[in-house]
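One file, entry20.cif, carrying mmCIF, C-alpha atoms:
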```
data_final
loop_
_atom_site.label_atom_id
_atom_site.label_comp_id
_atom_site.auth_asym_id
_atom_site.auth_seq_id
_atom_site.Cartn_x
_atom_site.Cartn_y
_atom_site.Cartn_z
CA MET A 1485 121.14 111.18 103.56
CA ILE A 1486 117.55 111.44 102.37
CA ARG A 1487 115.47 108.39 101.55
CA LEU A 1488 112.34 108.16 99.43
CA HIS A 1489 110.30 105.01 99.98
CA VAL A 1490 107.14 103.92 98.16
CA PRO A 1491 105.43 100.86 99.71
CA GLY A 1492 104.57 98.63 96.78
CA PHE A 1493 102.09 95.92 95.90
CA PHE A 1494 102.39 92.23 95.14
CA ASP A 1495 100.50 89.54 93.25
CA SER A 1496 98.87 88.43 96.48
CA ASP A 1497 97.21 91.84 96.95
CA LYS A 1498 93.57 91.92 95.95
CA GLY A 1499 91.10 94.69 95.27
CA GLY A 1500 91.97 96.31 91.95
CA PRO A 1501 94.86 97.60 89.87
CA ARG A 1502 95.67 100.69 91.98
CA TRP A 1503 95.12 102.28 95.36
CA GLY A 1504 96.01 105.97 95.03
CA ASP A 1505 99.32 107.46 96.11
CA ALA A 1506 101.69 107.20 99.07
CA THR A 1507 105.32 108.28 99.51
CA ILE A 1508 107.54 108.39 102.60
CA LEU A 1509 110.46 110.84 102.66
CA ASP A 1510 112.92 111.24 105.51
CA ASP A 1511 116.34 112.60 106.42
CA GLY A 1512 116.65 110.47 109.56
CA LYS A 1513 115.05 113.14 111.73
CA TYR A 1514 112.08 114.49 109.81
CA PHE A 1515 109.57 112.08 108.27
CA LEU A 1516 107.10 113.17 105.59
CA VAL A 1517 104.16 111.10 104.31
CA ILE A 1518 102.74 112.44 101.04
CA ASP A 1519 99.24 111.00 100.50
CA GLY A 1520 98.13 107.73 102.04
CA TYR A 1521 96.70 105.24 99.53
CA CYS A 1522 93.41 103.52 100.33
CA GLY A 1523 92.39 99.89 100.83
CA VAL A 1524 95.28 97.43 101.08
CA GLY A 1525 97.64 100.26 100.17
CA THR A 1526 96.87 102.02 103.44
CA THR A 1527 97.66 98.79 105.31
CA HIS A 1528 101.03 98.56 103.52
CA LEU A 1529 101.79 102.21 104.30
CA ILE A 1530 100.97 101.92 108.01
CA ASP A 1531 102.96 98.68 108.25
CA ALA A 1532 105.93 100.39 106.59
CA LEU A 1533 105.80 103.31 109.02
CA LYS A 1534 105.60 101.00 112.02
CA ALA A 1535 108.45 98.81 110.72
CA ARG A 1536 110.70 101.86 110.79
CA GLY A 1537 109.34 103.17 114.08
CA ILE A 1538 108.01 106.35 112.49
CA LYS A 1539 105.50 107.64 115.05
CA SER A 1540 105.48 111.40 114.45
CA PRO A 1541 105.45 112.13 110.72
CA TYR A 1542 104.34 115.26 108.90
CA LEU A 1543 101.30 114.37 106.79
CA PHE A 1544 100.52 115.82 103.36
CA ILE A 1545 97.34 115.63 101.29
CA THR A 1546 97.87 116.71 97.67
CA HIS A 1547 94.15 117.01 96.91
CA PRO A 1548 90.82 115.85 98.38
CA HIS A 1549 90.28 112.54 96.62
CA TYR A 1550 89.58 109.37 98.59
CA ASP A 1551 92.48 107.31 97.24
CA HIS A 1552 94.90 110.00 98.45
CA TYR A 1553 93.46 111.23 101.73
CA TYR A 1554 92.08 107.95 103.16
CA GLY A 1555 95.39 106.67 104.51
CA ILE A 1556 96.30 110.06 105.97
CA ARG A 1557 93.01 110.07 107.85
CA GLU A 1558 93.70 106.57 109.14
CA ILE A 1559 97.14 107.62 110.42
CA ILE A 1560 95.50 110.53 112.27
CA ARG A 1561 93.02 108.11 113.85
CA ASN A 1562 95.61 105.43 114.72
CA LYS A 1563 96.75 105.58 118.35
CA TYR A 1564 100.26 104.49 117.40
CA PHE A 1565 100.92 107.84 115.69
CA THR A 1566 101.31 111.38 117.00
CA PRO A 1567 101.68 113.40 113.76
CA LYS A 1568 103.56 116.68 114.02
CA GLY A 1569 101.57 118.42 111.33
CA LEU A 1570 99.00 118.15 108.54
CA ILE A 1571 99.82 120.05 105.34
CA VAL A 1572 96.98 120.61 102.86
CA PRO A 1573 95.97 122.88 99.97
CA TYR A 1574 93.84 125.94 100.67
CA LEU A 1575 90.21 124.84 100.37
CA SER A 1576 89.45 128.00 98.40
CA SER A 1577 91.74 126.79 95.59
CA TYR A 1578 89.00 124.39 94.48
CA GLY A 1579 86.10 126.83 94.28
CA ASP A 1580 82.51 125.52 94.20
CA VAL A 1581 82.17 124.39 90.60
CA SER A 1582 79.95 121.38 91.36
CA SER A 1583 78.34 119.37 94.13
CA GLU A 1584 81.08 116.77 93.68
CA VAL A 1585 83.81 119.32 94.35
CA ARG A 1586 81.91 120.63 97.36
CA SER A 1587 81.76 117.06 98.66
CA ASN A 1588 85.54 116.70 98.16
CA LYS A 1589 86.11 119.91 100.11
CA GLN A 1590 83.82 118.77 102.90
CA ALA A 1591 85.81 115.53 103.20
CA LEU A 1592 89.06 117.47 103.49
CA GLN A 1593 87.55 119.85 106.03
CA SER A 1594 86.42 116.87 108.09
CA ILE A 1595 90.00 115.49 108.16
CA ILE A 1596 91.31 118.92 109.14
CA ASN A 1597 88.80 119.05 111.99
CA GLU A 1598 89.86 115.58 113.21
CA ALA A 1599 93.50 116.65 113.13
CA LYS A 1600 92.79 119.84 115.06
CA ALA A 1601 90.87 117.86 117.68
CA LYS A 1602 94.01 115.78 118.26
CA GLY A 1603 96.19 118.86 118.57
CA ILE A 1604 97.86 118.41 115.18
CA LYS A 1605 99.04 121.67 113.62
CA ILE A 1606 97.50 122.53 110.25
CA LYS A 1607 99.48 124.22 107.50
CA TYR A 1608 97.95 125.44 104.25
CA VAL A 1609 100.20 125.73 101.21
CA LYS A 1610 99.75 127.16 97.74
CA ASN A 1611 101.57 127.58 94.45
CA GLY A 1612 105.06 128.98 94.95
CA ASP A 1613 105.40 128.28 98.67
CA LYS A 1614 108.80 127.04 99.83
CA CYS A 1615 108.99 124.41 102.59
CA LYS A 1616 111.87 123.03 104.64
CA TYR A 1617 111.91 120.06 107.04
CA GLY A 1618 115.46 119.41 108.19
CA ASP A 1619 117.47 118.52 105.09
CA ILE A 1620 114.31 118.14 103.00
CA GLU A 1621 113.51 121.27 100.97
CA PHE A 1622 110.93 121.73 98.24
CA THR A 1623 108.77 124.24 96.38
CA VAL A 1624 105.01 123.80 96.07
CA TYR A 1625 103.42 123.87 92.64
CA GLN A 1626 99.68 124.03 92.03
CA ASN A 1627 98.11 124.51 88.63
CA THR A 1628 96.14 127.77 88.79
CA SER A 1629 95.49 128.20 85.07
CA GLY A 1630 91.75 127.52 85.41
CA LYS A 1631 91.81 124.90 82.67
CA TYR A 1632 90.27 121.51 83.23
CA ASP A 1633 88.68 118.76 81.18
CA GLY A 1634 85.06 119.72 81.77
CA ASN A 1635 84.26 117.61 84.83
CA SER A 1636 84.83 118.10 88.52
CA GLU A 1637 87.23 115.16 88.77
CA GLY A 1638 89.55 116.82 86.26
CA TYR A 1639 89.13 120.12 88.07
CA VAL A 1640 90.31 118.69 91.39
CA ASN A 1641 93.00 116.51 89.79
CA ASP A 1642 94.60 119.41 87.96
CA ARG A 1643 94.75 121.41 91.19
CA SER A 1644 96.71 118.70 92.98
CA LEU A 1645 99.67 119.98 94.92
CA ALA A 1646 103.00 119.00 93.37
CA PHE A 1647 106.33 119.23 95.18
CA TRP A 1648 109.60 120.09 93.45
CA PHE A 1649 112.75 118.96 95.27
CA PRO A 1650 115.52 120.91 93.50
CA LYS A 1651 118.51 119.40 95.34
CA GLN A 1652 117.26 115.89 94.51
CA SER A 1653 116.03 116.90 91.04
CA TYR A 1654 112.80 115.06 91.87
CA LEU A 1655 109.19 116.03 91.24
CA THR A 1656 106.13 114.40 92.79
CA THR A 1657 102.81 115.31 91.23
CA GLY A 1658 99.68 114.13 93.06
CA ASP A 1659 97.12 113.40 90.34
CA GLY A 1660 98.01 116.04 87.78
CA ALA A 1661 100.13 119.08 86.99
CA THR A 1662 103.16 117.63 85.25
CA LYS A 1663 103.41 120.91 83.35
CA VAL A 1664 105.77 122.65 85.73
CA ASN A 1665 108.44 123.75 83.29
CA ASP A 1666 108.23 127.24 84.76
CA ILE A 1667 109.83 126.03 88.02
CA ALA A 1668 111.32 122.57 87.48
CA LYS A 1669 113.44 120.50 85.13
CA PRO A 1670 113.51 117.19 86.98
CA ARG A 1671 115.63 114.11 86.42
CA PHE A 1672 113.06 111.87 88.14
CA ILE A 1673 109.27 112.27 88.37
CA LYS A 1674 106.23 110.65 89.86
CA ILE A 1675 103.71 110.51 87.00
CA GLY A 1676 100.33 112.09 87.75
CA HIS A 1677 97.37 109.74 87.56
CA HIS A 1678 95.53 111.88 85.10
CA GLY A 1679 95.28 115.66 84.73
CA ASN A 1680 95.41 117.74 81.55
CA TRP A 1681 99.17 117.81 81.26
CA CYS A 1682 99.94 114.08 81.14
CA ILE A 1683 100.45 114.19 77.39
CA ARG A 1684 103.16 113.18 74.91
CA VAL A 1685 104.29 116.76 74.27
CA MET A 1686 104.89 117.26 78.02
CA ALA A 1687 106.71 113.94 78.33
CA ARG A 1688 108.88 114.94 75.39
CA TRP A 1689 109.65 118.31 77.01
CA LEU A 1690 110.62 116.57 80.26
CA LYS A 1691 112.86 114.08 78.44
CA ASP A 1692 114.50 116.80 76.35
CA HIS A 1693 115.28 118.73 79.55
CA GLY A 1694 116.96 115.85 81.32
CA CYS A 1695 114.19 113.72 82.87
CA ILE A 1696 115.29 110.09 82.55
CA TYR A 1697 113.40 108.21 85.29
CA CYS A 1698 109.73 108.00 86.19
CA TRP A 1699 107.38 105.95 88.36
CA ASP A 1700 103.71 105.67 89.13
CA ASN A 1701 101.75 103.88 91.82
CA ASP A 1702 99.56 101.82 89.51
CA TYR A 1703 99.95 98.21 90.59
CA SER A 1704 99.16 96.62 87.23
CA THR A 1705 101.90 95.99 84.67
CA TYR A 1706 99.85 97.19 81.70
CA ILE A 1707 98.71 100.59 80.51
CA THR A 1708 95.33 101.49 82.01
CA ASP A 1709 92.66 104.00 81.10
CA PHE A 1710 92.92 105.28 84.66
CA LEU A 1711 96.41 106.60 83.97
CA GLU A 1712 95.27 107.96 80.62
CA THR A 1713 98.46 108.44 78.62
CA GLY A 1714 100.87 109.56 81.34
CA ARG A 1715 102.82 106.31 81.71
CA GLU A 1716 102.57 105.40 78.05
CA ASP A 1717 103.89 108.81 77.01
CA CYS A 1718 106.82 108.78 79.42
CA ILE A 1719 107.82 105.29 78.29
CA GLY A 1720 107.21 106.30 74.69
CA VAL A 1721 109.77 109.09 74.79
CA GLY A 1722 112.40 106.82 76.31
CA MET A 1723 112.23 107.34 80.08
CA LYS A 1724 113.11 104.44 82.39
CA TYR A 1725 109.86 103.46 84.13
CA PHE A 1726 109.50 101.94 87.62
CA SER A 1727 106.22 100.39 88.70
CA CYS A 1728 105.03 99.87 92.25
CA HIS A 1729 104.81 96.14 91.74
CA GLY A 1730 107.10 95.72 94.73
CA ASP A 1731 108.63 98.49 96.82
CA LEU A 1732 110.54 101.40 95.32
CA ASN A 1733 113.43 102.98 97.24
CA VAL A 1734 115.63 105.96 96.41
CA VAL A 1735 118.56 107.16 98.52
CA PHE A 1736 120.10 110.62 98.03
CA PHE A 1737 123.59 111.43 99.35
CA GLY A 1738 127.00 112.61 98.18
CA GLY A 1739 125.65 114.28 95.04
CA THR A 1740 124.05 111.04 93.86
CA ALA A 1741 120.56 109.55 93.73
CA VAL A 1742 120.48 105.75 93.91
CA ILE A 1743 117.26 104.03 92.82
CA TYR A 1744 116.79 100.47 94.15
CA LYS A 1745 114.32 98.21 92.39
CA ASP A 1746 114.17 94.48 91.60
CA LEU A 1747 117.60 93.77 93.14
CA LYS A 1748 119.17 96.32 90.77
CA LYS A 1749 120.16 99.95 91.09
CA TRP A 1750 120.23 103.03 88.87
CA THR A 1751 121.98 106.30 89.66
CA TYR A 1752 121.99 109.93 88.60
CA LYS A 1753 123.84 113.01 89.82
CA CYS A 1754 122.04 115.61 91.92
CA ALA A 1755 122.93 118.69 93.98
CA TYR A 1756 122.20 117.17 97.37
CA ARG A 1757 125.32 116.18 99.29
CA GLY A 1758 124.20 114.91 102.67
CA LYS A 1759 126.14 112.23 104.49
CA ASN A 1760 126.59 108.56 103.73
CA ALA A 1761 124.89 106.81 106.64
CA LEU A 1762 124.61 103.31 105.18
CA LYS A 1763 126.65 100.34 106.40
CA GLY A 1764 128.33 97.66 104.31
CA ALA A 1765 127.51 93.98 104.47
CA ASP A 1766 128.71 92.01 107.48
CA GLU A 1767 128.51 88.32 108.26
CA PRO A 1768 125.55 88.50 110.70
CA THR A 1769 123.53 90.44 108.13
CA VAL A 1770 124.31 87.91 105.42
CA ARG A 1771 123.31 85.09 107.77
CA LYS A 1772 119.98 86.74 108.51
CA THR A 1773 119.41 87.36 104.83
CA LEU A 1774 120.08 83.69 104.05
CA ARG A 1775 117.55 82.71 106.68
CA GLY A 1776 114.98 84.72 104.75
CA SER A 1777 114.28 87.04 107.66
CA TYR A 1778 114.64 90.04 105.35
CA GLY A 1779 112.09 88.85 102.83
CA SER A 1780 112.77 88.60 99.11
CA ASN A 1781 113.45 90.90 96.17
CA ASN A 1782 112.14 94.46 96.80
CA THR A 1783 111.01 93.59 100.31
CA ARG A 1784 114.57 92.48 101.11
CA ILE A 1785 115.97 95.79 99.81
CA THR A 1786 113.46 97.76 101.89
CA ASN A 1787 114.20 95.82 105.05
CA LEU A 1788 117.96 96.09 104.63
CA LEU A 1789 117.62 99.85 104.09
CA ASN A 1790 115.46 99.99 107.22
CA LYS A 1791 118.41 98.47 109.09
CA GLY A 1792 120.84 100.94 107.52
CA TYR A 1793 122.64 98.63 105.07
CA TYR A 1794 123.66 98.97 101.46
CA PRO A 1795 121.12 96.46 100.17
CA LEU A 1796 122.99 95.38 97.05
CA ALA A 1797 126.28 95.02 98.92
CA VAL A 1798 124.54 92.50 101.18
CA GLN A 1799 122.83 90.88 98.21
CA ASN A 1800 126.15 90.43 96.39
CA LYS A 1801 127.58 88.59 99.40
CA VAL A 1802 124.47 86.41 99.50
CA ASN A 1803 124.81 85.66 95.78
CA ASP A 1804 128.44 84.56 96.28
CA VAL A 1805 127.48 82.20 99.09
CA VAL A 1806 124.50 80.78 97.19
CA ARG A 1807 126.56 80.26 94.04
CA ILE A 1808 129.27 78.33 95.86
CA ALA A 1809 126.85 76.32 97.99
CA LYS A 1810 124.82 75.30 94.95
CA GLY A 1811 127.99 74.47 93.06
CA ILE A 1812 129.08 72.11 95.82
CA LEU A 1813 125.65 70.46 95.96
CA ASN A 1814 125.31 69.93 92.21
CA GLY A 1815 128.90 68.73 91.83
CA THR A 1816 130.23 71.55 89.62
CA LEU A 1817 132.47 72.68 92.49
CA ASP A 1818 134.49 69.75 93.89
CA TYR A 1819 136.22 70.88 97.05
CA GLY A 1820 136.42 67.49 98.73
CA LYS A 1821 134.54 66.83 101.89
CA ASN A 1822 134.02 68.44 105.27
CA GLU A 1823 137.13 70.21 106.71
CA ALA A 1824 139.11 70.32 103.45
CA ARG A 1825 136.20 71.85 101.57
CA ILE A 1826 135.51 74.42 104.28
CA ALA A 1827 139.18 75.37 104.55
CA LYS A 1828 139.50 76.05 100.82
CA ILE A 1829 136.33 78.14 100.71
CA ASP A 1830 137.54 80.07 103.76
CA LYS A 1831 140.79 80.88 101.96
CA GLU A 1832 138.95 82.09 98.84
CA LEU A 1833 136.19 84.11 100.48
CA GLY A 1834 137.81 85.22 103.72
CA LYS A 1835 137.55 84.04 107.29
CA GLY A 1836 134.09 82.92 108.28
CA TYR A 1837 132.55 82.52 104.84
CA GLY A 1838 133.42 78.85 104.55
CA GLN A 1839 131.15 78.14 107.50
CA LEU A 1840 128.58 80.49 105.99
CA VAL A 1841 128.57 78.39 102.83
CA GLN A 1842 128.17 75.25 104.90
CA ASP A 1843 125.30 76.92 106.73
CA TYR A 1844 123.60 77.74 103.46
CA ILE A 1845 124.07 74.18 102.21
CA ASN A 1846 122.09 73.20 105.30
CA VAL A 1847 119.42 75.71 104.30
CA LEU A 1848 119.24 74.28 100.78
CA CYS A 1849 118.91 70.81 102.28
CA GLY A 1850 116.09 72.00 104.50
CA VAL A 1851 118.05 72.17 107.77
CA ARG A 1852 117.22 75.85 108.33
CA GLU A 1853 117.67 75.82 112.10
CA LYS A 1854 121.43 75.23 111.75
CA VAL A 1855 122.02 78.67 110.24
#
```

Kindly transcribe the structure held in the file into structure tokens.
Amino acid sequence: MIRLHVPGFFDSDKGGPRWGDATILDDGKYFLVIDGYCGVGTTHLIDALKARGIKSPYLFITHPHYDHYYGIREIIRNKYFTPKGLIVPYLSSYGDVSSEVRSNKQALQSIINEAKAKGIKIKYVKNGDKCKYGDIEFTVYQNTSGKYDGNSEGYVNDRSLAFWFPKQSYLTTGDGATKVNDIAKPRFIKIGHHGNWCIRVMARWLKDHGCIYCWDNDYSTYITDFLETGREDCIGVGMKYFSCHGDLNVVFFGGTAVIYKDLKKWTYKCAYRGKNALKGADEPTVRKTLRGSYGSNNTRITNLLNKGYYPLAVQNKVNDVVRIAKGILNGTLDYGKNEARIAKIDKELGKGYGQLVQDYINVLCGVREKV
């Protein structure tokens, strides 16, 4: 099983509509962090890594922009982590077209030097390189056409590393380079922030060649100038869009990709088989979920996945208990009182769930400690 996790944002987060990129990929043995957000996003990323006990990830920087490399630098500096490697683009791929680009390169070189000082192995990758970390395999794409929009920001954006995961039919793009039709026909993409190829004709090509799902890390729920037309174009051609308002999780196994978002799931077929390592719902898990110890909505899904559970299987059990408990409280379900009521619910839901309903009634009445 391979899991893709994007730590999301919530209404309580302050500081602007977006904080760069960050993605965690793992197969249970190898852990990859692609870019690291900045600001509150970096805090969310580091918290997510610690929650799962990920101490020795492989770190990737798609390109030397602050909102992508900041969090990676912070992981290198954090004593909790002992990264196994830092993977970056060749510095020469950016040239010296302006003082701004030279400054970007200097920042990346500084991070490389910090990593080396801590004994972290450095790996440089370029267009066409193939990488393998356990079950996780991908091909590197980097736009080398020389075209850019006339400023150094566009120059660096368009030379972002992108990673094509053929067995998962997934493409992640850094800030640009969605024009990868020479190597990839994805079913699911991470939309580049900007870059020359985030245009309607490219979105149409992707959709026509089987791309049906997309996401970006922009926290806001509206189209922004920062994203230019990437999100708007993907939505405009009919792709299903997932925001990072709340966590995003994808699990790949058994020839299927399962996308979890907003207490719902979407699936598509892929080549990756893997093994099914998730557990079904059990009574202790449902009890903990009712207590609220697993958070709510997307946070609940993330935390259940962290514990190895099918999140929606647990959620469905919770929904059953809540429905019955509320029905009893509001009088729409008349099962008598005390023992008689519990016995009938037990018979309908299976041994133990009658007491679980009673426990949740206590929760609804504010007697949380009885659960």

Query raised in the report: Quick one, how far is atom CA of A:Gly1676 from atom CA of A:Ser1629?
Result: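 Going from atom CA of A:Gly1676 over to atom CA of A:Ser1629, I get 17.0 Å.
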
Requested in this report: Run through the PyMOL selection byres ((chain A and resi 1720) around 12) on the given coordinates and return the selected residues as a PyMOL selection string.
Outcome: chain A and resi 1683-1688+1691+1696+1698+1707+1713-1719+1721-1725

Which residues, written as an mmCIF file with C-alpha atoms, in the frame of the given file, have at least one atom at most 12 Å from A:Pro1768, with only C-alpha atoms counted and residues fewer than 6 positions away on the same chain left out?
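Saved as out35.cif:
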```
data_model
loop_
_atom_site.group_PDB
_atom_site.id
_atom_site.type_symbol
_atom_site.label_atom_id
_atom_site.label_comp_id
_atom_site.auth_asym_id
_atom_site.auth_seq_id
_atom_site.Cartn_x
_atom_site.Cartn_y
_atom_site.Cartn_z
ATOM 1 C CA LEU A 1774 120.080 83.690 104.050
ATOM 2 C CA ARG A 1775 117.550 82.710 106.680
ATOM 3 C CA SER A 1777 114.280 87.040 107.660
ATOM 4 C CA TYR A 1793 122.640 98.630 105.070
ATOM 5 C CA VAL A 1798 124.540 92.500 101.180
ATOM 6 C CA LYS A 1801 127.580 88.590 99.400
ATOM 7 C CA VAL A 1802 124.470 86.410 99.500
ATOM 8 C CA GLY A 1836 134.090 82.920 108.280
ATOM 9 C CA TYR A 1837 132.550 82.520 104.840
ATOM 10 C CA LEU A 1840 128.580 80.490 105.990
ATOM 11 C CA VAL A 1855 122.020 78.670 110.240
#
```

Requested in this report: Determine the residue membership of the PyMOL selection byres ((chain A and resi 1494) around 10) for the file above and supply it as a VMD selection string.
Outcome: chain A and resid 1492 to 1493 1495 to 1498 1703 to 1704 1728 to 1731

Requested in this report: Apply the PyMOL selection byres ((chain A and resi 1805) around 10) to the file shown and report the selected residues as a VMD selection string.
Outcome: chain A and resid 1770 1774 1799 to 1804 1806 to 1811 1829 1833 1837 to 1838 1840 to 1845

**Report entry** Between atom CA of A:Phe1647 and atom CA of A:Tyr1625, distance in Å (one decimal)
**Finding:** 6.0 Å

Query - Residue neighbourhood A:Tyr1654, 7 Å, only C-alpha atoms, exclusion window fewer than 2 positions, as a ChimeraX atom specification - result: /A:1648-1650,1652,1656,1670-1673

Query - Among the residues A:Gly1792, A:Tyr1778, A:Arg1757, A:Tyr1697, the one that comes closest to A:Ile1743 [using all atoms listed in the file] - result: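 When distances to A:Ile1743 are compared using all atoms listed in the file, the smallest one comes from A:Tyr1697.
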
**Report entry** Among the residues A:Ile1571, A:Leu1796, A:Ala1824, A:Leu1747, the one that comes closest to A:Ile1518 [using only C-alpha atoms]
**Finding:** A:Ile1571

Query raised in the report: Which residue out of A:Thr1816, A:Val1847, A:Lys1563, A:Tyr1553 has the minimum interatomic distance to A:Thr1773 when all atoms listed in the file are used?
Result: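 Counting all atoms listed in the file, the residue closest to A:Thr1773 is A:Val1847.
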
Query raised in the report: What is the atom CA of A:Ile1606-atom CA of A:Ser1594 distance in Å, reported with one decimal?
Result: 12.6 Å
